[in-house]
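**Q** Quick one: this structure, given as structure tokens, is what I'll be asking you about.
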Amino acid sequence: MFVQPQGFRYLKQFRLSPSPVFTYEIEDIELEKSVFMIHGENSTVIQYELRKTNHPESPKNVGLEIRVLIAFRDYHCTTQENDAINSAVQERSGLASVTPYQGLPNLHLAHNAIELRKTGVWYRNREYEAERERGLDCSEDLFSPAVLRFDLRLRRQAAIIASTERRDVVDALDYRRAEVTRRREALVACPIEDSFAQSLTAVSDQYFVSRGDEKTVIAGYHWFGDWGRDTMIALPGLTLPTGKYEIARSILCTFAKHVDQGMLPNRFPDQGKAPEYNTVDAALWFFEAARAYLAYTGDLEFVRDELCPIFADIVSWHARGARYGIKMDESGLLTCGGVGVQLTWMDAKVGDWVVTPRRGKPVEIQALWYNALCIMEDLAGRCEDGAARKRYRHMATLAKWSFNRLFWNEGLGSLYDVVNGGPPDPSIRPNQIFAVSLPHSMLPEDRARKVVQKVEQHLLTPFGLRTLAPSDPRYRGSYTGSPTERDGAYHQGTVWPWLLGPFITAYIKVNGGREEARRQAQAWLSPLESHLTEAGLGHVSEIFEGDAPHRPCGCIAQAWSVAEILRVYVEDVRGLRPSTRSSGHPAQSKNQPAGIKSFSM
């Protein structure tokens, strides 16, 4: 296959310092290109610098031409040549602006070029190899409104700021210094002085975005928005070990405003459409995120006044019945599901085909429901509401008794994945680990230990937990092919690194927090530390293939992957868990290992 242009042939070096820097060598000329985004903005700064010329007879005139190529599209789509595009370029000193399509933002190009030449031409058939592999539309036409020309002998640095806001190119160096300072200061918040924790801390705030005046979490790059389930799972790891308590509180406020009929939005669609509420577990993870926030901050006033009424309403809706058949039945457990809907985190759907429907009583939903009831019992006690505390205790007690009666698979020494009135589903999946890992567990110690052993034996890989045991005839060890083929494998053996978080929490818990268990857990995390230098640099991928060598797939940067690995590494492997002082700030664990900073403030 012919690749054009051929600029990669001149690439001499690449580094992160801390953002991407590319060094090109063309004959005796060395040119350095750097790219970074201004934090909190839709603004990208691209800088070129003539580093050196290695020969006394080098040309006196070194020019650089930058051809602007734009798509202006949704990230799920591609652009094709069309007559609807507005090719006009508005110029003023050091700034060029284009508005390709009505209703979309303007693109402003601040620059220090000596010349701007309007072109208005299409570059056809740009091909994307990753999309080709995924069976998606992989060919795109890009529009070039202009070419910028720079004289690198007159000025050794060329700069462009591409933004939806008007920016001044003279500020490019200041933006760079501010970004370097911001990233350096972010590392100060890392509670552990080692490279793994610092690397995860450095990227953790790249998932925070604004929704109105409040914060939310982008589930993954490049194609996820903010999802309720992902946000609640990721919130503790992204915000709490690093002391980003205000962001955590803001995220909780964001989603509290959108609770509807006892449910948290599954996702917020693009372009301002109404939230979608097709999830059974997002609201239950909401309780756990708030519990973790309270454990770190001691901010009982906020949880009591802002969240408790919403939590009580969620429990009430679940008890009497919410959307999609979500309802507490006579067993005290939650049943859910309907034809053609996917409500749990195993939510792949192709047309009308729900790959893993899990209708009835999924095991992790019961674990989350019990955990939520215990959290409500505790909050009612703190708020001195004796009647509510008694009611939640009775609900939790019934759920615990029913769970152990219905879900324990004595023959396999593990938990059923789904109980639905017919023969229970004995599939060995990772969902059962939450019945051990969550703070409030329904299982006696012997059963909890067997669950962890079963998951370790069948599902543990160097990069996370498989979603189905390889011995199962439905197991899919590769994640390739068309969207239908990949969705069919998404939860049928594919490895998810975020599941290492609850697995390691459970493993250390059933081993009494002993040092040898923590050393084993750290060894299990070691491959992920190496993974930070591949795929999305510094980040943890969404998924890996089930079969060795476990190729990284999916999004190159996933919020809950980063969050759960950071959380479990800080809290469980290194033993730095919050204990609330009267001041409301987390205190250092009595058994805090050497090399860990105190949370005391």
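Note on naming: chains are A, B, ... as they come in the structure tokens, residues start from 1 per chain, ligands start from 1 in the order shown.
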Residues near stretch 241-255 of chain A, anyone? I mean within 8 Å using only C-alpha atoms, not counting same-chain ones fewer than 2 positions away, as a PDB file with N, CA and C atoms, in the first residue's frame.
**A**
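Output saved as part.pdb:
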```pdb
ATOM      1  N   ALA A 189      -0.127  16.039  43.883  1.00  0.00           N
ATOM      2  CA  ALA A 189      -1.283  15.418  44.515  1.00  0.00           C
ATOM      3  C   ALA A 189      -1.165  13.908  44.599  1.00  0.00           C
ATOM      4  N   CYS A 190      -0.178  13.321  43.920  1.00  0.00           N
ATOM      5  CA  CYS A 190      -0.029  11.871  43.962  1.00  0.00           C
ATOM      6  C   CYS A 190       0.345  11.428  45.372  1.00  0.00           C
ATOM      7  N   PRO A 191      -0.414  10.517  45.966  1.00  0.00           N
ATOM      8  CA  PRO A 191      -0.152  10.136  47.361  1.00  0.00           C
ATOM      9  C   PRO A 191       1.012   9.174  47.541  1.00  0.00           C
ATOM     10  N   THR A 201      -1.693   9.279  38.010  1.00  0.00           N
ATOM     11  CA  THR A 201      -2.169  10.567  38.518  1.00  0.00           C
ATOM     12  C   THR A 201      -2.068  11.644  37.452  1.00  0.00           C
ATOM     13  N   ARG A 211     -20.068  19.918  32.212  1.00  0.00           N
ATOM     14  CA  ARG A 211     -21.445  19.836  31.734  1.00  0.00           C
ATOM     15  C   ARG A 211     -22.185  20.979  32.412  1.00  0.00           C
ATOM     16  N   GLU A 214     -21.144  22.323  36.089  1.00  0.00           N
ATOM     17  CA  GLU A 214     -20.621  21.231  36.909  1.00  0.00           C
ATOM     18  C   GLU A 214     -19.699  20.333  36.082  1.00  0.00           C
ATOM     19  N   LYS A 215     -19.069  19.375  36.766  1.00  0.00           N
ATOM     20  CA  LYS A 215     -18.117  18.475  36.126  1.00  0.00           C
ATOM     21  C   LYS A 215     -18.741  17.098  35.876  1.00  0.00           C
ATOM     22  N   THR A 216     -18.208  16.449  34.855  1.00  0.00           N
ATOM     23  CA  THR A 216     -18.574  15.070  34.568  1.00  0.00           C
ATOM     24  C   THR A 216     -17.332  14.365  34.032  1.00  0.00           C
ATOM     25  N   VAL A 217     -17.479  13.112  33.642  1.00  0.00           N
ATOM     26  CA  VAL A 217     -16.336  12.293  33.238  1.00  0.00           C
ATOM     27  C   VAL A 217     -16.581  11.734  31.840  1.00  0.00           C
ATOM     28  N   GLY A 228     -23.263   7.409  32.842  1.00  0.00           N
ATOM     29  CA  GLY A 228     -23.514   7.380  34.280  1.00  0.00           C
ATOM     30  C   GLY A 228     -22.791   6.267  34.994  1.00  0.00           C
ATOM     31  N   LEU A 235     -15.275   7.611  39.442  1.00  0.00           N
ATOM     32  CA  LEU A 235     -15.149   8.781  40.327  1.00  0.00           C
ATOM     33  C   LEU A 235     -14.188   8.562  41.505  1.00  0.00           C
ATOM     34  N   PRO A 236     -14.319   7.484  42.281  1.00  0.00           N
ATOM     35  CA  PRO A 236     -13.416   7.346  43.435  1.00  0.00           C
ATOM     36  C   PRO A 236     -11.947   7.345  43.052  1.00  0.00           C
ATOM     37  N   GLY A 237     -11.563   6.578  42.036  1.00  0.00           N
ATOM     38  CA  GLY A 237     -10.153   6.494  41.669  1.00  0.00           C
ATOM     39  C   GLY A 237      -9.613   7.746  41.032  1.00  0.00           C
ATOM     40  N   LEU A 238     -10.426   8.419  40.207  1.00  0.00           N
ATOM     41  CA  LEU A 238      -9.947   9.624  39.527  1.00  0.00           C
ATOM     42  C   LEU A 238      -9.809  10.807  40.460  1.00  0.00           C
ATOM     43  N   THR A 239     -10.625  10.851  41.508  1.00  0.00           N
ATOM     44  CA  THR A 239     -10.677  12.077  42.309  1.00  0.00           C
ATOM     45  C   THR A 239     -10.176  11.947  43.749  1.00  0.00           C
ATOM     46  N   LYS A 257     -28.727  15.877  39.776  1.00  0.00           N
ATOM     47  CA  LYS A 257     -29.731  16.705  39.105  1.00  0.00           C
ATOM     48  C   LYS A 257     -30.504  15.927  38.039  1.00  0.00           C
ATOM     49  N   HIS A 258     -29.947  14.816  37.578  1.00  0.00           N
ATOM     50  CA  HIS A 258     -30.555  14.085  36.465  1.00  0.00           C
ATOM     51  C   HIS A 258     -31.156  12.751  36.889  1.00  0.00           C
ATOM     52  N   VAL A 259     -31.276  12.486  38.191  1.00  0.00           N
ATOM     53  CA  VAL A 259     -31.962  11.277  38.633  1.00  0.00           C
ATOM     54  C   VAL A 259     -33.433  11.382  38.269  1.00  0.00           C
ATOM     55  N   LEU A 264     -30.313   6.709  37.332  1.00  0.00           N
ATOM     56  CA  LEU A 264     -29.289   7.618  36.847  1.00  0.00           C
ATOM     57  C   LEU A 264     -29.175   7.450  35.336  1.00  0.00           C
ATOM     58  N   PRO A 265     -28.873   8.515  34.602  1.00  0.00           N
ATOM     59  CA  PRO A 265     -28.732   8.348  33.153  1.00  0.00           C
ATOM     60  C   PRO A 265     -27.647   7.343  32.814  1.00  0.00           C
ATOM     61  N   PHE A 286     -23.868   4.925  42.194  1.00  0.00           N
ATOM     62  CA  PHE A 286     -23.974   6.282  42.743  1.00  0.00           C
ATOM     63  C   PHE A 286     -23.826   6.250  44.263  1.00  0.00           C
ATOM     64  N   ALA A 290     -20.683   7.981  46.450  1.00  0.00           N
ATOM     65  CA  ALA A 290     -20.924   8.919  47.550  1.00  0.00           C
ATOM     66  C   ALA A 290     -20.325   8.404  48.852  1.00  0.00           C
ATOM     67  N   TYR A 293     -16.676   9.118  48.710  1.00  0.00           N
ATOM     68  CA  TYR A 293     -16.456  10.563  48.891  1.00  0.00           C
ATOM     69  C   TYR A 293     -16.550  10.938  50.370  1.00  0.00           C
ATOM     70  N   THR A 297     -13.631  12.614  52.740  1.00  0.00           N
ATOM     71  CA  THR A 297     -13.796  14.031  53.080  1.00  0.00           C
ATOM     72  C   THR A 297     -14.472  14.285  54.418  1.00  0.00           C
ATOM     73  N   ARG A 567      -6.895   3.540  42.055  1.00  0.00           N
ATOM     74  CA  ARG A 567      -7.538   3.352  43.367  1.00  0.00           C
ATOM     75  C   ARG A 567      -7.004   2.126  44.083  1.00  0.00           C
ATOM     76  N   VAL A 570      -3.322   2.450  45.244  1.00  0.00           N
ATOM     77  CA  VAL A 570      -3.132   3.314  46.414  1.00  0.00           C
ATOM     78  C   VAL A 570      -3.751   2.689  47.656  1.00  0.00           C
ATOM     79  N   GLU A 571      -5.014   2.299  47.556  1.00  0.00           N
ATOM     80  CA  GLU A 571      -5.759   1.898  48.746  1.00  0.00           C
ATOM     81  C   GLU A 571      -5.427   0.485  49.219  1.00  0.00           C
TER      82      GLU A 571
END
```
**Q** In stretch 106-350 of chain A, what's strand (DSSP E) per DSSP? Answer as an NGL selection string?
**A** :A and (107-111 or 115-127 or 139-151 or 157-163 or 208-211 or 214-217 or 220-221 or 327-328 or 334-335 or 349-350)
**Q** Which residue is closest to A:Thr480? Choose from A:Ile428, A:Glu165, A:Glu133, A:Trp345 and count only C-alpha atoms.
**A**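 Going through A:Ile428, A:Glu165, A:Glu133, A:Trp345 one by one, the smallest distance to A:Thr480 is for A:Glu133.
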**Q** Measuring between only C-alpha atoms, which one of A:His108, A:Arg551, A:Lys361, A:Lys450 shows the shortest distance to A:Ser163?
**A**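 Among the listed residues, A:His108 lies closest to A:Ser163.
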**Q** Select, from A:Arg156, A:Glu542, A:Asn42, A:Ala172, the residue with the minimum atom-to-atom distance to A:Val209, counting only C-alpha atoms.
**A**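 Of A:Arg156, A:Glu542, A:Asn42, A:Ala172, the one nearest A:Val209, counting only C-alpha atoms, is A:Asn42.
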**Q** List as JSON, numbers by chain the protein and nucleic acid residues near stretch 537-541 of chain A, meaning an atom at most 10 Å away when only C-alpha atoms are counted, but skip any in the same chain fewer than 3 places from it.
**A** {"A": [16, 20, 196, 199, 200, 201, 202, 203, 204, 206, 220, 221, 463, 496, 497, 498, 528, 529, 530, 531, 532, 533, 534, 544, 552, 553, 554, 555, 556, 557, 558, 559, 560, 561, 562, 563, 565]}
**Q** With only C-alpha atoms as the atoms that count, which of A:Pro549, A:Gly262, A:Gly513, A:Pro527 lies nearest to A:Ser316?
**A**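 That would be A:Gly262, the residue with the smallest distance to A:Ser316.
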**Q** With a distance cut-off of 7 Å and only C-alpha atoms, select the neighbouring residues of A:Thr44, excluding the residue or stretch itself and same-chain residues fewer than 2 positions from it, and output the selection as a list in words.
**A**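 The residues satisfying every condition are Phe36, Met37, Ile38, Asn42, Ile46, Ile161, Ala162 and Ser163 of chain A.
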**Q** Expressed in Å to a single decimal, how great is the separation between atom CA of A:Cys336 and atom CA of A:Gly360?
**A**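 These atoms are spaced 5.3 Å apart.
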**Q** Given the choices A:His550, A:Arg574, A:Arg182, A:Arg449, which gets closest to A:Tyr479 if the distance is worked out from only C-alpha atoms?
**A**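 Closest to A:Tyr479, using only C-alpha atoms: A:His550.
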**Q** Go ahead and compute the interatomic distance for atom CA of A:Val451 and atom CA of A:Ala435, in Å to one decimal.
**A**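 We find that atom CA of A:Val451 and atom CA of A:Ala435 lie 8.8 Å from each other.
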**Q** What lies within 6 Å of stretch 28-34 of chain A using only C-alpha atoms, ignoring chain neighbours under 2 positions off, as a count of residues only?
**A** 16
**Q** To one decimal place in Å, what is the distance between atom CA of A:Gly536 and atom CA of A:Ser210?
**A** 22.5 Å
**Q** Please provide the set of residues having any atom within 9 Å of A:Val510, restricted to only C-alpha atoms, with same-chain residues fewer than 4 positions apart removed, written as a count of residues only.
**A** 8
**Q** Find the residues near A:Met232: any atom within 7 Å, counting only C-alpha atoms, skip ones fewer than 6 places away on the same chain, and give them as a list of chain:residue names.
**A**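 Everything that qualifies: A:Ala282, A:Trp285, A:Phe286, A:Ala289.
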